[in-house]
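*Asks:* After the structure tokens below, expect a handful of questions from me.
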Amino acid sequence: MVGKHRAAALLGLILITTIVILLYYQFQLREDPKVYSFTVETADLRIKDIEFVVYSNANSVYITSHDLERIGDDKQFSGVTYGISVGGTMILSLSQADDPFILPDSFQGKVNYNTRNLIQDVKAREHDTVNIELLYTVNGVAKNVTGTVNLSKIAKSISSSDNKNVIQL
């Protein structure tokens, strides 16, 4: 008789534990993703509308497309390379050997890069920083520009459609 009561109590405890675990995971799945949006600007070019979504429960980042724009008309580029990393993990890297603004897919000093990717195993937290590095040659002068910004400064509300976070490098 005592064995039946122990078995019933153990079964009840397992059932309650399972329900608590399932409820916990349901609340975690409902957590809203965080959206970060910014534009990087130098004296010569602009990387416009960089946007990425962080799914902290899944430790992943989804990066959307962005635009590369020339600032001014009298500039000749002979290479543009840039990389953006979050928390030490590269989420966006692009390299163009020639002048990207004279290629067939450019229009009036603007090129759209459709680099939509889901990157797994990225732990991006609110206190992390975004590291930006640009290497390019303009009018025969090589430039290496770097900068950092905290994620909290470029956070975007999901209902907002404008991109006011401009990072001057």
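Letters for chains follow the order of the structure tokens (A, B, ...), residue numbers begin at 1 for each chain, and ligand numbers begin at 1 in the order shown.
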Looking only at the backbone, which of the residues in region 21-52 of chain A does DSSP tag as helix (DSSP H, G or I), as a list in words?

*Replies:* Ile21, Leu22, Leu23, Tyr24, Tyr25, Gln26, Phe27, Gln28 and Leu29 of chain A

*Asks:* For region 136-151 of chain A, find every residue with an atom within 9 Å (counting only C-alpha atoms), except residues of its own chain fewer than 4 positions away, and show them as a JSON list (two decimals) with all heavy atoms, in the first residue's frame.

*Replies:*
[["chain", "number", "residue", "atom", "x", "y", "z"],
["A", 36, "TYR", "N", 17.82, 46.08, -34.16],
["A", 36, "TYR", "CA", 18.82, 47.13, -34.12],
["A", 36, "TYR", "C", 19.00, 47.68, -35.52],
["A", 36, "TYR", "O", 19.07, 46.92, -36.50],
["A", 36, "TYR", "CB", 20.14, 46.58, -33.58],
["A", 36, "TYR", "CG", 20.00, 46.02, -32.19],
["A", 36, "TYR", "CD1", 19.81, 44.66, -31.98],
["A", 36, "TYR", "CD2", 20.03, 46.86, -31.09],
["A", 36, "TYR", "CE1", 19.66, 44.16, -30.70],
["A", 36, "TYR", "CE2", 19.88, 46.36, -29.80],
["A", 36, "TYR", "CZ", 19.70, 45.01, -29.62],
["A", 36, "TYR", "OH", 19.54, 44.52, -28.36],
["A", 42, "THR", "N", 30.89, 58.00, -43.42],
["A", 42, "THR", "CA", 32.22, 58.60, -43.42],
["A", 42, "THR", "C", 32.17, 59.83, -44.32],
["A", 42, "THR", "O", 31.11, 60.17, -44.84],
["A", 42, "THR", "CB", 33.30, 57.61, -43.94],
["A", 42, "THR", "OG1", 33.09, 57.41, -45.34],
["A", 42, "THR", "CG2", 33.26, 56.29, -43.20],
["A", 44, "ASP", "N", 33.34, 59.95, -47.21],
["A", 44, "ASP", "CA", 33.30, 59.51, -48.61],
["A", 44, "ASP", "C", 32.11, 58.62, -48.96],
["A", 44, "ASP", "O", 31.66, 58.60, -50.10],
["A", 44, "ASP", "CB", 34.59, 58.75, -48.94],
["A", 44, "ASP", "CG", 35.81, 59.58, -48.62],
["A", 44, "ASP", "OD1", 35.89, 60.71, -49.11],
["A", 44, "ASP", "OD2", 36.67, 59.09, -47.85],
["A", 74, "ASP", "N", 32.56, 63.47, -57.20],
["A", 74, "ASP", "CA", 33.90, 63.51, -57.77],
["A", 74, "ASP", "C", 34.85, 62.49, -57.13],
["A", 74, "ASP", "O", 36.05, 62.71, -57.08],
["A", 74, "ASP", "CB", 34.47, 64.93, -57.62],
["A", 74, "ASP", "CG", 34.53, 65.38, -56.17],
["A", 74, "ASP", "OD1", 33.85, 64.75, -55.32],
["A", 74, "ASP", "OD2", 35.25, 66.34, -55.89],
["A", 75, "LYS", "N", 34.34, 61.37, -56.68],
["A", 75, "LYS", "CA", 35.18, 60.39, -56.00],
["A", 75, "LYS", "C", 35.25, 59.10, -56.81],
["A", 75, "LYS", "O", 34.25, 58.60, -57.29],
["A", 75, "LYS", "CB", 34.62, 60.11, -54.61],
["A", 75, "LYS", "CG", 34.68, 61.36, -53.76],
["A", 75, "LYS", "CD", 34.16, 61.15, -52.39],
["A", 75, "LYS", "CE", 34.32, 62.47, -51.64],
["A", 75, "LYS", "NZ", 33.48, 62.60, -50.53],
["A", 76, "GLN", "N", 36.48, 58.60, -56.93],
["A", 76, "GLN", "CA", 36.73, 57.33, -57.62],
["A", 76, "GLN", "C", 37.23, 56.31, -56.60],
["A", 76, "GLN", "O", 38.26, 56.52, -55.97],
["A", 76, "GLN", "CB", 37.78, 57.52, -58.73],
["A", 76, "GLN", "CG", 37.37, 58.50, -59.80],
["A", 76, "GLN", "CD", 36.18, 57.99, -60.59],
["A", 76, "GLN", "OE1", 36.12, 56.82, -60.94],
["A", 76, "GLN", "NE2", 35.24, 58.88, -60.85],
["A", 77, "PHE", "N", 36.51, 55.24, -56.45],
["A", 77, "PHE", "CA", 36.88, 54.19, -55.51],
["A", 77, "PHE", "C", 37.58, 53.06, -56.26],
["A", 77, "PHE", "O", 37.24, 52.76, -57.40],
["A", 77, "PHE", "CB", 35.64, 53.63, -54.81],
["A", 77, "PHE", "CG", 35.02, 54.60, -53.84],
["A", 77, "PHE", "CD1", 34.12, 55.57, -54.28],
["A", 77, "PHE", "CD2", 35.32, 54.54, -52.50],
["A", 77, "PHE", "CE1", 33.55, 56.45, -53.39],
["A", 77, "PHE", "CE2", 34.75, 55.42, -51.61],
["A", 77, "PHE", "CZ", 33.86, 56.38, -52.05],
["A", 78, "SER", "N", 38.55, 52.44, -55.61],
["A", 78, "SER", "CA", 39.20, 51.28, -56.22],
["A", 78, "SER", "C", 39.16, 50.08, -55.27],
["A", 78, "SER", "O", 39.95, 49.19, -55.37],
["A", 78, "SER", "CB", 40.64, 51.60, -56.62],
["A", 78, "SER", "OG", 41.39, 51.98, -55.50],
["A", 79, "GLY", "N", 38.23, 50.08, -54.37],
["A", 79, "GLY", "CA", 38.03, 48.95, -53.47],
["A", 79, "GLY", "C", 37.31, 49.39, -52.21],
["A", 79, "GLY", "O", 37.63, 50.44, -51.65],
["A", 80, "VAL", "N", 36.33, 48.60, -51.80],
["A", 80, "VAL", "CA", 35.60, 48.88, -50.57],
["A", 80, "VAL", "C", 35.43, 47.56, -49.83],
["A", 80, "VAL", "O", 34.95, 46.58, -50.40],
["A", 80, "VAL", "CB", 34.21, 49.50, -50.85],
["A", 80, "VAL", "CG1", 33.42, 49.68, -49.56],
["A", 80, "VAL", "CG2", 34.33, 50.83, -51.58],
["A", 81, "THR", "N", 35.85, 47.55, -48.57],
["A", 81, "THR", "CA", 35.70, 46.37, -47.72],
["A", 81, "THR", "C", 35.18, 46.85, -46.37],
["A", 81, "THR", "O", 35.69, 47.83, -45.84],
["A", 81, "THR", "CB", 37.05, 45.66, -47.52],
["A", 81, "THR", "OG1", 37.55, 45.26, -48.79],
["A", 81, "THR", "CG2", 36.90, 44.45, -46.63],
["A", 82, "TYR", "N", 34.17, 46.16, -45.86],
["A", 82, "TYR", "CA", 33.71, 46.49, -44.52],
["A", 82, "TYR", "C", 33.21, 45.26, -43.80],
["A", 82, "TYR", "O", 32.81, 44.28, -44.41],
["A", 82, "TYR", "CB", 32.65, 47.61, -44.52],
["A", 82, "TYR", "CG", 31.45, 47.38, -45.41],
["A", 82, "TYR", "CD1", 30.31, 46.74, -44.94],
["A", 82, "TYR", "CD2", 31.45, 47.86, -46.71],
["A", 82, "TYR", "CE1", 29.21, 46.58, -45.75],
["A", 82, "TYR", "CE2", 30.35, 47.70, -47.52],
["A", 82, "TYR", "CZ", 29.22, 47.06, -47.03],
["A", 82, "TYR", "OH", 28.13, 46.90, -47.85],
["A", 86, "VAL", "N", 29.27, 41.76, -33.79],
["A", 86, "VAL", "CA", 28.53, 41.98, -32.55],
["A", 86, "VAL", "C", 29.03, 40.98, -31.53],
["A", 86, "VAL", "O", 29.05, 39.77, -31.80],
["A", 86, "VAL", "CB", 27.01, 41.79, -32.76],
["A", 86, "VAL", "CG1", 26.27, 41.89, -31.44],
["A", 86, "VAL", "CG2", 26.47, 42.78, -33.75],
["A", 124, "ALA", "N", 24.27, 37.97, -28.65],
["A", 124, "ALA", "CA", 24.26, 39.43, -28.64],
["A", 124, "ALA", "C", 23.36, 39.88, -27.50],
["A", 124, "ALA", "O", 22.17, 39.61, -27.50],
["A", 124, "ALA", "CB", 23.75, 39.96, -29.97],
["A", 125, "ARG", "N", 23.95, 40.57, -26.56],
["A", 125, "ARG", "CA", 23.21, 41.05, -25.40],
["A", 125, "ARG", "C", 23.20, 42.58, -25.42],
["A", 125, "ARG", "O", 24.01, 43.22, -26.06],
["A", 125, "ARG", "CB", 23.84, 40.53, -24.10],
["A", 125, "ARG", "CG", 23.98, 39.03, -24.03],
["A", 125, "ARG", "CD", 22.63, 38.35, -23.97],
["A", 125, "ARG", "NE", 22.78, 36.90, -23.90],
["A", 125, "ARG", "CZ", 22.39, 36.06, -24.85],
["A", 125, "ARG", "NH1", 21.85, 36.53, -25.94],
["A", 125, "ARG", "NH2", 22.53, 34.77, -24.71],
["A", 126, "GLU", "N", 22.30, 43.14, -24.67],
["A", 126, "GLU", "CA", 22.08, 44.59, -24.64],
["A", 126, "GLU", "C", 23.34, 45.39, -24.32],
["A", 126, "GLU", "O", 23.54, 46.48, -24.81],
["A", 126, "GLU", "CB", 20.99, 44.87, -23.60],
["A", 126, "GLU", "CG", 20.42, 46.24, -23.66],
["A", 126, "GLU", "CD", 19.22, 46.40, -24.56],
["A", 126, "GLU", "OE1", 18.61, 45.40, -25.00],
["A", 126, "GLU", "OE2", 18.92, 47.55, -24.83],
["A", 127, "HIS", "N", 24.24, 44.85, -23.53],
["A", 127, "HIS", "CA", 25.46, 45.58, -23.13],
["A", 127, "HIS", "C", 26.62, 45.37, -24.11],
["A", 127, "HIS", "O", 27.66, 45.97, -23.94],
["A", 127, "HIS", "CB", 25.89, 45.14, -21.72],
["A", 127, "HIS", "CG", 26.26, 43.69, -21.64],
["A", 127, "HIS", "ND1", 25.31, 42.70, -21.49],
["A", 127, "HIS", "CD2", 27.45, 43.07, -21.73],
["A", 127, "HIS", "CE1", 25.92, 41.53, -21.48],
["A", 127, "HIS", "NE2", 27.21, 41.72, -21.62],
["A", 128, "ASP", "N", 26.44, 44.54, -25.13],
["A", 128, "ASP", "CA", 27.50, 44.29, -26.11],
["A", 128, "ASP", "C", 27.70, 45.50, -27.02],
["A", 128, "ASP", "O", 26.85, 46.39, -27.09],
["A", 128, "ASP", "CB", 27.17, 43.06, -26.96],
["A", 128, "ASP", "CG", 27.37, 41.76, -26.22],
["A", 128, "ASP", "OD1", 28.09, 41.76, -25.20],
["A", 128, "ASP", "OD2", 26.80, 40.75, -26.65],
["A", 129, "THR", "N", 28.81, 45.48, -27.73],
["A", 129, "THR", "CA", 29.10, 46.56, -28.67],
["A", 129, "THR", "C", 29.11, 46.03, -30.10],
["A", 129, "THR", "O", 29.35, 44.86, -30.36],
["A", 129, "THR", "CB", 30.48, 47.21, -28.39],
["A", 129, "THR", "OG1", 31.48, 46.21, -28.47],
["A", 129, "THR", "CG2", 30.50, 47.88, -27.05],
["A", 130, "VAL", "N", 28.85, 46.94, -31.02],
["A", 130, "VAL", "CA", 28.94, 46.67, -32.45],
["A", 130, "VAL", "C", 30.26, 47.28, -32.90],
["A", 130, "VAL", "O", 30.52, 48.46, -32.68],
["A", 130, "VAL", "CB", 27.77, 47.30, -33.22],
["A", 130, "VAL", "CG1", 27.94, 47.11, -34.70],
["A", 130, "VAL", "CG2", 26.45, 46.74, -32.75],
["A", 131, "ASN", "N", 31.12, 46.46, -33.52],
["A", 131, "ASN", "CA", 32.39, 46.94, -34.04],
["A", 131, "ASN", "C", 32.27, 47.09, -35.55],
["A", 131, "ASN", "O", 31.81, 46.17, -36.23],
["A", 131, "ASN", "CB", 33.51, 45.97, -33.70],
["A", 131, "ASN", "CG", 33.71, 45.86, -32.20],
["A", 131, "ASN", "OD1", 33.80, 46.87, -31.51],
["A", 131, "ASN", "ND2", 33.74, 44.65, -31.69],
["A", 132, "ILE", "N", 32.71, 48.22, -36.06],
["A", 132, "ILE", "CA", 32.61, 48.53, -37.48],
["A", 132, "ILE", "C", 34.01, 48.82, -38.00],
["A", 132, "ILE", "O", 34.75, 49.60, -37.39],
["A", 132, "ILE", "CB", 31.72, 49.77, -37.71],
["A", 132, "ILE", "CG1", 30.36, 49.56, -37.04],
["A", 132, "ILE", "CG2", 31.57, 50.08, -39.19],
["A", 132, "ILE", "CD1", 29.65, 50.84, -36.72],
["A", 155, "ALA", "N", 19.14, 50.50, -30.64],
["A", 155, "ALA", "CA", 17.91, 49.70, -30.55],
["A", 155, "ALA", "C", 16.78, 50.42, -31.26],
["A", 155, "ALA", "O", 16.66, 51.64, -31.21],
["A", 155, "ALA", "CB", 17.57, 49.43, -29.10],
["A", 167, "ILE", "N", 25.87, 56.75, -37.40],
["A", 167, "ILE", "CA", 27.16, 56.68, -36.75],
["A", 167, "ILE", "C", 28.19, 57.32, -37.66],
["A", 167, "ILE", "O", 28.44, 56.83, -38.76],
["A", 167, "ILE", "CB", 27.52, 55.21, -36.46],
["A", 167, "ILE", "CG1", 26.46, 54.60, -35.56],
["A", 167, "ILE", "CG2", 28.91, 55.10, -35.83],
["A", 167, "ILE", "CD1", 26.51, 53.10, -35.49],
["A", 168, "GLN", "N", 28.76, 58.42, -37.21],
["A", 168, "GLN", "CA", 29.77, 59.15, -37.99],
["A", 168, "GLN", "C", 31.14, 58.56, -37.64],
["A", 168, "GLN", "O", 31.52, 58.51, -36.49],
["A", 168, "GLN", "CB", 29.76, 60.63, -37.64],
["A", 168, "GLN", "CG", 28.47, 61.33, -37.97],
["A", 168, "GLN", "CD", 28.34, 61.60, -39.45],
["A", 168, "GLN", "OE1", 29.32, 61.68, -40.18],
["A", 168, "GLN", "NE2", 27.11, 61.76, -39.91],
["A", 169, "LEU", "N", 31.88, 58.11, -38.65],
["A", 169, "LEU", "CA", 33.24, 57.60, -38.44],
["A", 169, "LEU", "C", 34.23, 58.49, -39.16],
["A", 169, "LEU", "O", 34.00, 59.08, -40.12],
["A", 169, "LEU", "CB", 33.36, 56.18, -38.95],
["A", 169, "LEU", "CG", 32.47, 55.14, -38.28],
["A", 169, "LEU", "CD1", 32.70, 53.78, -38.89],
["A", 169, "LEU", "CD2", 32.74, 55.07, -36.80]]

*Asks:* Which residue gives the smallest distance to Val53 (chain A) among A:Thr39, A:Ser93, A:Gln26, A:Asn117, with only C-alpha atoms counted?

*Replies:* A:Asn117

*Asks:* If you measure from CA of Ser152 (chain A) to CA of Arg70 (chain A), what distance in Å do you get, rounded to one decimal?

*Replies:*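 Separating CA of Ser152 (chain A) from CA of Arg70 (chain A) is a distance of 27.9 Å.
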
*Asks:* Taking 2 positions as the minimum chain separation for residues in the same chain, which residues sit within 12 Å of Ser56 (chain A) when counting only C-alpha atoms? Answer as a VMD selection string.

*Replies:* chain A and resid 28 to 35 53 to 54 58 to 62 120 to 126

*Asks:* Give me the residues within 6 Å of Leu68 (chain A) as an MDAnalysis selection string, counting only C-alpha atoms and dropping any in the same chain fewer than 6 places off.

*Replies:* chainID A and resid 46:47 110:111

*Asks:* What is the distance, in Å and to one decimal place, between CA of Leu23 (chain A) and CA of His5 (chain A)?

*Replies:* 26.9 Å

*Asks:* Could you tell me how far CA of Ile63 (chain A) sits from CA of Tyr24 (chain A), in Å to one decimal place?

*Replies:*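 Taking CA of Tyr24 (chain A) and CA of Ile63 (chain A), their separation equals 28.0 Å.
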
*Asks:* Taking the DSSP secondary structure from the backbone, can you list the residues of region 11-83 of chain A that are strand (DSSP E), as a ChimeraX atom specification?

*Replies:* /A:34-41,45-55,60-63,66-70,77-83

*Asks:* Which residues, written as JSON, numbers by chain, have at least one atom at most 12 Å from Asn114 (chain A), with only C-alpha atoms counted and residues fewer than 5 positions away on the same chain left out?

*Replies:* {"A": [49, 50, 51, 63, 64, 65, 66, 67, 68, 92, 94, 105]}
